[in-house]
>>> print(open('target.pdb').read())   # PDB, C-alpha atoms
ATOM      1  CA  MET A   1      33.977 -12.090  -6.624
ATOM      2  CA  THR A   2      32.821 -15.613  -7.397
ATOM      3  CA  ASP A   3      29.171 -15.955  -8.378
ATOM      4  CA  ILE A   4      27.752 -19.461  -8.691
ATOM      5  CA  LEU A   5      24.302 -20.748  -9.556
ATOM      6  CA  ALA A   6      24.121 -24.298  -8.164
ATOM      7  CA  ILE A   7      21.348 -26.648  -9.265
ATOM      8  CA  ASP A   8      20.164 -30.011  -7.954
ATOM      9  CA  PRO A   9      18.056 -31.233 -10.890
ATOM     10  CA  GLY A  10      14.891 -33.226 -10.375
ATOM     11  CA  THR A  11      12.154 -34.825 -12.448
ATOM     12  CA  THR A  12       9.767 -31.852 -12.399
ATOM     13  CA  LYS A  13      11.326 -29.398  -9.919
ATOM     14  CA  SER A  14      14.901 -28.492  -9.095
ATOM     15  CA  GLY A  15      16.561 -27.027  -6.028
ATOM     16  CA  TRP A  16      18.859 -24.071  -6.668
ATOM     17  CA  VAL A  17      21.089 -21.662  -4.770
ATOM     18  CA  PHE A  18      22.807 -18.472  -5.924
ATOM     19  CA  LEU A  19      26.131 -17.994  -4.118
ATOM     20  CA  GLN A  20      28.362 -14.934  -3.953
ATOM     21  CA  ASP A  21      31.822 -15.650  -2.571
ATOM     22  CA  GLY A  22      30.520 -18.875  -1.024
ATOM     23  CA  ASN A  23      27.553 -17.252   0.730
ATOM     24  CA  PRO A  24      23.975 -18.133  -0.226
ATOM     25  CA  ILE A  25      22.200 -14.999  -1.428
ATOM     26  CA  ASP A  26      19.051 -16.493  -2.925
ATOM     27  CA  HIS A  27      17.554 -19.975  -3.168
ATOM     28  CA  GLY A  28      14.445 -21.866  -4.105
ATOM     29  CA  TRP A  29      12.763 -24.951  -5.430
ATOM     30  CA  PHE A  30      11.276 -24.188  -8.846
ATOM     31  CA  ASP A  31       9.525 -25.991 -11.649
ATOM     32  CA  ASN A  32      12.200 -27.034 -14.124
ATOM     33  CA  GLU A  33      10.805 -24.709 -16.791
ATOM     34  CA  LYS A  34      11.602 -21.696 -14.563
ATOM     35  CA  ILE A  35      15.301 -22.583 -14.299
ATOM     36  CA  TYR A  36      15.902 -20.891 -17.653
ATOM     37  CA  SER A  37      14.848 -17.553 -16.134
ATOM     38  CA  LEU A  38      17.449 -18.082 -13.388
ATOM     39  CA  LEU A  39      20.156 -18.709 -15.979
ATOM     40  CA  LYS A  40      19.273 -15.428 -17.677
ATOM     41  CA  MET A  41      19.030 -13.546 -14.378
ATOM     42  CA  TYR A  42      22.252 -14.831 -12.798
ATOM     43  CA  GLN A  43      24.885 -14.591 -15.534
ATOM     44  CA  CYS A  44      27.538 -16.668 -13.743
ATOM     45  CA  VAL A  45      29.136 -20.087 -13.474
ATOM     46  CA  VAL A  46      26.486 -22.816 -13.308
ATOM     47  CA  VAL A  47      27.193 -25.914 -11.222
ATOM     48  CA  ILE A  48      24.908 -28.928 -11.586
ATOM     49  CA  GLU A  49      24.823 -32.075  -9.483
ATOM     50  CA  ASP A  50      25.637 -34.867 -11.918
ATOM     51  CA  VAL A  51      23.770 -38.147 -11.800
ATOM     52  CA  GLY A  52      26.148 -40.901 -10.767
ATOM     53  CA  HIS A  53      26.117 -44.643 -11.312
ATOM     54  CA  TYR A  54      25.784 -46.620  -8.102
ATOM     55  CA  GLY A  55      25.450 -50.131  -9.500
ATOM     56  CA  MET A  56      21.732 -50.360  -8.820
ATOM     57  CA  PRO A  57      18.832 -50.535 -11.279
ATOM     58  CA  VAL A  58      17.219 -47.162 -11.943
ATOM     59  CA  GLY A  59      13.710 -46.159 -12.813
ATOM     60  CA  LYS A  60      11.832 -43.593 -14.852
ATOM     61  CA  ASP A  61      12.559 -40.763 -12.376
ATOM     62  CA  VAL A  62      16.321 -41.040 -12.875
ATOM     63  CA  PHE A  63      15.976 -40.933 -16.644
ATOM     64  CA  GLU A  64      13.660 -37.930 -16.451
ATOM     65  CA  THR A  65      16.191 -36.157 -14.209
ATOM     66  CA  ILE A  66      18.927 -36.936 -16.750
ATOM     67  CA  ARG A  67      16.777 -35.458 -19.526
ATOM     68  CA  TRP A  68      16.351 -32.242 -17.526
ATOM     69  CA  THR A  69      20.078 -32.144 -16.794
ATOM     70  CA  GLY A  70      20.681 -32.270 -20.556
ATOM     71  CA  ARG A  71      18.213 -29.436 -21.106
ATOM     72  CA  PHE A  72      19.929 -27.333 -18.430
ATOM     73  CA  ASP A  73      23.285 -28.115 -20.066
ATOM     74  CA  TYR A  74      22.018 -26.916 -23.455
ATOM     75  CA  LEU A  75      20.423 -23.759 -22.029
ATOM     76  CA  THR A  76      23.552 -22.938 -20.027
ATOM     77  CA  THR A  77      26.208 -23.512 -22.671
ATOM     78  CA  GLU A  78      24.461 -22.962 -26.004
ATOM     79  CA  ILE A  79      21.772 -20.389 -25.266
ATOM     80  CA  CYS A  80      23.180 -18.376 -22.325
ATOM     81  CA  LYS A  81      26.875 -19.039 -23.160
ATOM     82  CA  LEU A  82      27.768 -19.614 -19.503
ATOM     83  CA  GLU A  83      30.430 -21.823 -17.956
ATOM     84  CA  LEU A  84      29.045 -25.162 -16.750
ATOM     85  CA  VAL A  85      30.545 -27.504 -14.158
ATOM     86  CA  TYR A  86      29.235 -30.934 -13.155
ATOM     87  CA  ILE A  87      29.901 -32.280  -9.655
ATOM     88  CA  LYS A  88      28.916 -35.750  -8.507
ATOM     89  CA  ARG A  89      27.280 -36.349  -5.146
ATOM     90  CA  PHE A  90      30.191 -38.429  -3.848
ATOM     91  CA  GLU A  91      32.508 -35.436  -4.438
ATOM     92  CA  VAL A  92      30.253 -33.300  -2.235
ATOM     93  CA  LYS A  93      30.267 -35.982   0.464
ATOM     94  CA  LEU A  94      34.038 -36.297   0.354
ATOM     95  CA  HIS A  95      34.573 -32.558   0.436
ATOM     96  CA  LEU A  96      32.113 -31.627   3.172
ATOM     97  CA  CYS A  97      32.154 -34.793   5.316
ATOM     98  CA  ASN A  98      35.455 -36.473   4.380
ATOM     99  CA  SER A  99      33.520 -39.656   3.721
ATOM    100  CA  PRO A 100      31.843 -41.120   0.629
ATOM    101  CA  ARG A 101      29.405 -42.875   2.996
ATOM    102  CA  ALA A 102      27.873 -39.636   4.281
ATOM    103  CA  ASN A 103      24.121 -39.269   3.872
ATOM    104  CA  ASP A 104      21.915 -36.247   3.257
ATOM    105  CA  SER A 105      21.587 -35.389   6.955
ATOM    106  CA  THR A 106      25.349 -35.472   7.582
ATOM    107  CA  VAL A 107      25.962 -33.299   4.511
ATOM    108  CA  ARG A 108      23.313 -30.868   5.777
ATOM    109  CA  GLN A 109      24.911 -30.766   9.231
ATOM    110  CA  ALA A 110      28.382 -30.242   7.728
ATOM    111  CA  ILE A 111      27.047 -27.229   5.812
ATOM    112  CA  ILE A 112      25.399 -25.826   8.946
ATOM    113  CA  ASP A 113      28.649 -26.310  10.886
ATOM    114  CA  LYS A 114      30.593 -24.588   8.095
ATOM    115  CA  PHE A 115      28.391 -21.517   8.590
ATOM    116  CA  GLY A 116      28.749 -21.436  12.387
ATOM    117  CA  GLY A 117      26.269 -23.994  13.733
ATOM    118  CA  ASP A 118      22.475 -23.983  14.104
ATOM    119  CA  ARG A 119      22.196 -20.790  16.131
ATOM    120  CA  VAL A 120      24.259 -18.676  13.706
ATOM    121  CA  ALA A 121      23.670 -20.418  10.358
ATOM    122  CA  ILE A 122      19.914 -20.868  10.631
ATOM    123  CA  GLY A 123      18.847 -18.780  13.607
ATOM    124  CA  GLY A 124      15.553 -16.982  13.340
ATOM    125  CA  LYS A 125      14.249 -18.232  16.676
ATOM    126  CA  LYS A 126      11.361 -16.016  17.746
ATOM    127  CA  CYS A 127      11.555 -14.101  21.006
ATOM    128  CA  ILE A 128       9.653 -15.934  23.745
ATOM    129  CA  VAL A 129       8.604 -12.702  25.464
ATOM    130  CA  CYS A 130       6.932 -10.910  22.539
ATOM    131  CA  LYS A 131       6.358 -14.051  20.439
ATOM    132  CA  GLY A 132       8.130 -12.503  17.452
ATOM    133  CA  LYS A 133       6.150  -9.258  17.368
ATOM    134  CA  GLY A 134       8.808  -6.903  18.758
ATOM    135  CA  TRP A 135       6.350  -5.416  21.224
ATOM    136  CA  ALA A 136       4.056  -6.616  23.996
ATOM    137  CA  GLY A 137       0.758  -5.343  22.589
ATOM    138  CA  VAL A 138      -1.131  -2.207  21.595
ATOM    139  CA  GLY A 139      -0.192   0.738  23.808
ATOM    140  CA  ARG A 140       2.631  -1.190  25.428
ATOM    141  CA  PRO A 141       6.356  -0.548  25.208
ATOM    142  CA  PRO A 142       8.688  -2.292  22.747
ATOM    143  CA  CYS A 143      10.136  -5.635  23.765
ATOM    144  CA  LEU A 144      13.430  -5.088  25.551
ATOM    145  CA  GLU A 145      14.310  -8.778  25.482
ATOM    146  CA  CYS A 146      14.823  -8.799  21.690
ATOM    147  CA  ASN A 147      15.405  -5.051  21.124
ATOM    148  CA  GLU A 148      12.200  -4.896  19.030
ATOM    149  CA  THR A 149      13.518  -7.357  16.424
ATOM    150  CA  GLY A 150      11.119 -10.146  17.336
ATOM    151  CA  TYR A 151      13.995 -12.630  17.291
ATOM    152  CA  GLU A 152      15.918 -14.282  20.095
ATOM    153  CA  THR A 153      18.535 -15.144  17.463
ATOM    154  CA  PRO A 154      18.555 -13.292  14.117
ATOM    155  CA  PRO A 155      17.898 -15.245  10.924
ATOM    156  CA  GLY A 156      21.124 -16.670   9.507
ATOM    157  CA  PRO A 157      22.268 -17.156   5.907
ATOM    158  CA  LEU A 158      20.762 -20.666   5.744
ATOM    159  CA  LYS A 159      17.327 -19.714   7.112
ATOM    160  CA  GLY A 160      14.587 -21.181   4.918
ATOM    161  CA  ILE A 161      16.766 -23.708   3.085
ATOM    162  CA  SER A 162      15.157 -27.135   2.894
ATOM    163  CA  GLY A 163      14.889 -30.302   0.821
ATOM    164  CA  HIS A 164      16.712 -30.351  -2.514
ATOM    165  CA  VAL A 165      18.079 -26.862  -1.918
ATOM    166  CA  TRP A 166      20.548 -28.401   0.596
ATOM    167  CA  ALA A 167      21.911 -30.626  -2.185
ATOM    168  CA  ALA A 168      22.279 -27.626  -4.500
ATOM    169  CA  LEU A 169      24.061 -25.699  -1.745
ATOM    170  CA  GLY A 170      26.456 -28.625  -1.177
ATOM    171  CA  VAL A 171      27.299 -28.711  -4.885
ATOM    172  CA  GLY A 172      27.826 -24.946  -4.997
ATOM    173  CA  LEU A 173      30.023 -24.910  -1.904
ATOM    174  CA  THR A 174      32.108 -27.802  -3.210
ATOM    175  CA  HIS A 175      32.794 -25.923  -6.420
ATOM    176  CA  HIS A 176      33.439 -22.619  -4.634
ATOM    177  CA  ASP A 177      35.913 -24.229  -2.240
ATOM    178  CA  SER A 178      37.713 -25.876  -5.164
ATOM    179  CA  LEU A 179      38.268 -22.407  -6.629
ATOM    180  CA  VAL A 180      39.461 -20.948  -3.333
ATOM    181  CA  ASP A 181      41.851 -23.810  -2.459
ATOM    182  CA  PRO A 182      42.192 -26.471  -5.183
ATOM    183  CA  ASP A 183      44.567 -28.545  -2.978
ATOM    184  CA  GLU A 184      41.769 -29.138  -0.464
ATOM    185  CA  MET A 185      39.539 -30.889  -2.971
ATOM    186  CA  PRO A 186      39.259 -34.652  -3.179
ATOM    187  CA  MET A 187      40.299 -36.472  -6.356
TER     188      MET A 187
END
>>> encode(input="target.pdb", output="structure tokens")
Amino acid sequence: MTDILAIDPGTTKSGWVFLQDGNPIDHGWFDNEKIYSLLKMYQCVVVIEDVGHYGMPVGKDVFETIRWTGRFDYLTTEICKLELVYIKRFEVKLHLCNSPRANDSTVRQAIIDKFGGDRVAIGGKKCIVCKGKGWAGVGRPPCLECNETGYETPPGPLKGISGHVWAALGVGLTHHDSLVDPDEMPM
């Protein structure tokens, strides 16, 4: 079993995903100070999106993100004694989209496609008959359209993922896939 805690560091908050065998089990967008509790809770390989150089001037936010990346590095390797892997954004783009020119939305769509498309990967569409309740009202029978679940399509493994958590998931999947089939990885 391969457990991975993937982190997309930010200036004050970071997106994170805990993966087991390439499947997202838990995720969130926490204040950076809370990431330490995740490192203690999930004793596993930690994968962090590395800040890359793109030939453009950078501002205070990039430097603050780099400072937090250094803190996460220290907490991971020195305090928690966990394995740490850095993956650059262009590696994620190459792996998931086969193009270094991919943008956030194409990476997101590639991840959704990897998990079976919108209906399966995200799902969670409420039943139009019972409006997600599972029944038609007090004293009425259960909804037969959704079998009392309240969902037209059940929630998928990517339900609720948004923002920086997508970037963390991309980093985690890239690392996981490199472990499963190293020949498939770019570079």
>>> atom_distance(input="target.pdb", atom1="CA of Leu84 (chain A)", atom2="CA of Val165 (chain A)")
18.5 Å
>>> resolve_selection(input="target.pdb", expression="the PyMOL selection byres ((chain A and resi 11) around 7)", output="ChimeraX atom specification")
/A:10,12-13,61,64-65
>>> write_last_selection(input="target.pdb", atoms="C-alpha atoms", output="short mmCIF file (atom, residue, chain, number, x, y, z; two decimals), in the coordinates of the input")
data_model
loop_
_atom_site.label_atom_id
_atom_site.label_comp_id
_atom_site.auth_asym_id
_atom_site.auth_seq_id
_atom_site.Cartn_x
_atom_site.Cartn_y
_atom_site.Cartn_z
CA GLY A 10 14.89 -33.23 -10.38
CA THR A 12 9.77 -31.85 -12.40
CA LYS A 13 11.33 -29.40 -9.92
CA ASP A 61 12.56 -40.76 -12.38
CA GLU A 64 13.66 -37.93 -16.45
CA THR A 65 16.19 -36.16 -14.21
#
>>> resolve_selection(input="target.pdb", expression="the PyMOL selection byres ((chain A and resi 143) around 10)", output="VMD selection string")
chain A and resid 127 129 to 137 140 to 142 144 to 150
>>> closest_residue(input="target.pdb", among="A:Val180, A:Ala121, A:Leu94, A:Ile4", to="Val45 (chain A)", atoms="all atoms listed in the file")
A:Ile4
>>> closest_residue(input="target.pdb", among="A:Glu33, A:Glu78, A:Asp8, A:Glu152", to="Ile66 (chain A)", atoms="all atoms listed in the file")
A:Asp8
>>> resolve_selection(input="target.pdb", expression="the PyMOL selection byres ((chain A and resi 114) around 12)", output="list in words")
Gly22, Asn23, His95, Leu96, Cys97, Val107, Arg108, Gln109, Ala110, Ile111, Ile112, Asp113, Phe115, Gly116, Gly117, Asp118, Val120, Ala121, Ile122, Pro157, Leu158, Leu169, Gly170, Leu173, Thr174 and Asp177 of chain A
>>> write_last_selection(input="target.pdb", atoms="C-alpha atoms", output="compact mmCIF listing (two decimals), in the coordinates of the input")
# COMPACT_ATOMS: atom_id res chain seq x y z
CA GLY A 22 30.52 -18.88 -1.02
CA ASN A 23 27.55 -17.25 0.73
CA HIS A 95 34.57 -32.56 0.44
CA LEU A 96 32.11 -31.63 3.17
CA CYS A 97 32.15 -34.79 5.32
CA VAL A 107 25.96 -33.30 4.51
CA ARG A 108 23.31 -30.87 5.78
CA GLN A 109 24.91 -30.77 9.23
CA ALA A 110 28.38 -30.24 7.73
CA ILE A 111 27.05 -27.23 5.81
CA ILE A 112 25.40 -25.83 8.95
CA ASP A 113 28.65 -26.31 10.89
CA PHE A 115 28.39 -21.52 8.59
CA GLY A 116 28.75 -21.44 12.39
CA GLY A 117 26.27 -23.99 13.73
CA ASP A 118 22.48 -23.98 14.10
CA VAL A 120 24.26 -18.68 13.71
CA ALA A 121 23.67 -20.42 10.36
CA ILE A 122 19.91 -20.87 10.63
CA PRO A 157 22.27 -17.16 5.91
CA LEU A 158 20.76 -20.67 5.74
CA LEU A 169 24.06 -25.70 -1.74
CA GLY A 170 26.46 -28.62 -1.18
CA LEU A 173 30.02 -24.91 -1.90
CA THR A 174 32.11 -27.80 -3.21
CA ASP A 177 35.91 -24.23 -2.24
>>> atom_distance(input="target.pdb", atom1="CA of Leu82 (chain A)", atom2="CA of Leu179 (chain A)")
16.8 Å
>>> atom_distance(input="target.pdb", atom1="CA of Pro24 (chain A)", atom2="CA of His175 (chain A)")
13.3 Å
>>> closest_residue(input="target.pdb", among="A:Asp3, A:Trp16, A:Ile128, A:Lys81", to="Lys34 (chain A)", atoms="all atoms listed in the file")
A:Trp16
>>> axis_aligned_box(input="target.pdb", around="region 68-86 of chain A", padding_each_side="8 Å", output="JSON")
{"center_x": 23.4, "center_y": -25.3, "center_z": -19.6, "size_x": 30.2, "size_y": 29.9, "size_z": 28.8}
>>> closest_residue(input="target.pdb", among="A:Val138, A:Asp181, A:Tyr54, A:Gly59", to="Pro100 (chain A)", atoms="only C-alpha atoms")
A:Tyr54
>>> closest_residue(input="target.pdb", among="A:Glu83, A:Asp104, A:Asp50, A:Asp26", to="Val62 (chain A)", atoms="only C-alpha atoms")
A:Asp50
>>> residues_around(input="target.pdb", residues="Ile7 (chain A)", least_positions_apart="3", cutoff="12 Å", atoms="only C-alpha atoms", output="ChimeraX atom specification")
/A:4,10,13-19,27-30,32,35-36,38-39,45-50,65,68-69,72-73,76,84-88,164-173,175
>>> build_atoms(input="target.pdb", residues="region 159-174 of chain A", atoms="N, CA and C atoms", output="PDB file, in the coordinates of the input")
ATOM      1  N   LYS A 159      18.732 -19.718   6.712  1.00  0.00           N
ATOM      2  CA  LYS A 159      17.327 -19.714   7.112  1.00  0.00           C
ATOM      3  C   LYS A 159      16.435 -19.951   5.899  1.00  0.00           C
ATOM      4  N   GLY A 160      15.541 -20.907   5.984  1.00  0.00           N
ATOM      5  CA  GLY A 160      14.587 -21.181   4.918  1.00  0.00           C
ATOM      6  C   GLY A 160      15.034 -22.236   3.922  1.00  0.00           C
ATOM      7  N   ILE A 161      16.288 -22.674   4.011  1.00  0.00           N
ATOM      8  CA  ILE A 161      16.766 -23.708   3.085  1.00  0.00           C
ATOM      9  C   ILE A 161      16.212 -25.056   3.533  1.00  0.00           C
ATOM     10  N   SER A 162      15.711 -25.821   2.572  1.00  0.00           N
ATOM     11  CA  SER A 162      15.157 -27.135   2.894  1.00  0.00           C
ATOM     12  C   SER A 162      15.239 -28.051   1.676  1.00  0.00           C
ATOM     13  N   GLY A 163      14.997 -29.320   1.895  1.00  0.00           N
ATOM     14  CA  GLY A 163      14.889 -30.302   0.821  1.00  0.00           C
ATOM     15  C   GLY A 163      16.047 -30.316  -0.156  1.00  0.00           C
ATOM     16  N   HIS A 164      15.720 -30.262  -1.443  1.00  0.00           N
ATOM     17  CA  HIS A 164      16.712 -30.351  -2.514  1.00  0.00           C
ATOM     18  C   HIS A 164      17.627 -29.132  -2.583  1.00  0.00           C
ATOM     19  N   VAL A 165      17.239 -28.060  -1.929  1.00  0.00           N
ATOM     20  CA  VAL A 165      18.079 -26.862  -1.918  1.00  0.00           C
ATOM     21  C   VAL A 165      19.377 -27.145  -1.149  1.00  0.00           C
ATOM     22  N   TRP A 166      19.323 -28.017  -0.126  1.00  0.00           N
ATOM     23  CA  TRP A 166      20.548 -28.401   0.596  1.00  0.00           C
ATOM     24  C   TRP A 166      21.538 -29.073  -0.353  1.00  0.00           C
ATOM     25  N   ALA A 167      21.032 -29.939  -1.225  1.00  0.00           N
ATOM     26  CA  ALA A 167      21.911 -30.626  -2.185  1.00  0.00           C
ATOM     27  C   ALA A 167      22.533 -29.616  -3.147  1.00  0.00           C
ATOM     28  N   ALA A 168      21.746 -28.655  -3.611  1.00  0.00           N
ATOM     29  CA  ALA A 168      22.279 -27.626  -4.500  1.00  0.00           C
ATOM     30  C   ALA A 168      23.341 -26.797  -3.781  1.00  0.00           C
ATOM     31  N   LEU A 169      23.094 -26.470  -2.523  1.00  0.00           N
ATOM     32  CA  LEU A 169      24.061 -25.699  -1.745  1.00  0.00           C
ATOM     33  C   LEU A 169      25.367 -26.485  -1.569  1.00  0.00           C
ATOM     34  N   GLY A 170      25.260 -27.785  -1.310  1.00  0.00           N
ATOM     35  CA  GLY A 170      26.456 -28.625  -1.177  1.00  0.00           C
ATOM     36  C   GLY A 170      27.285 -28.631  -2.449  1.00  0.00           C
ATOM     37  N   VAL A 171      26.618 -28.720  -3.591  1.00  0.00           N
ATOM     38  CA  VAL A 171      27.299 -28.711  -4.885  1.00  0.00           C
ATOM     39  C   VAL A 171      27.982 -27.357  -5.109  1.00  0.00           C
ATOM     40  N   GLY A 172      27.267 -26.283  -4.813  1.00  0.00           N
ATOM     41  CA  GLY A 172      27.826 -24.946  -4.997  1.00  0.00           C
ATOM     42  C   GLY A 172      29.020 -24.686  -4.099  1.00  0.00           C
ATOM     43  N   LEU A 173      28.913 -25.100  -2.836  1.00  0.00           N
ATOM     44  CA  LEU A 173      30.023 -24.910  -1.904  1.00  0.00           C
ATOM     45  C   LEU A 173      31.242 -25.739  -2.298  1.00  0.00           C
ATOM     46  N   THR A 174      31.000 -26.947  -2.775  1.00  0.00           N
ATOM     47  CA  THR A 174      32.108 -27.802  -3.210  1.00  0.00           C
ATOM     48  C   THR A 174      32.865 -27.143  -4.353  1.00  0.00           C
TER      49      THR A 174
END
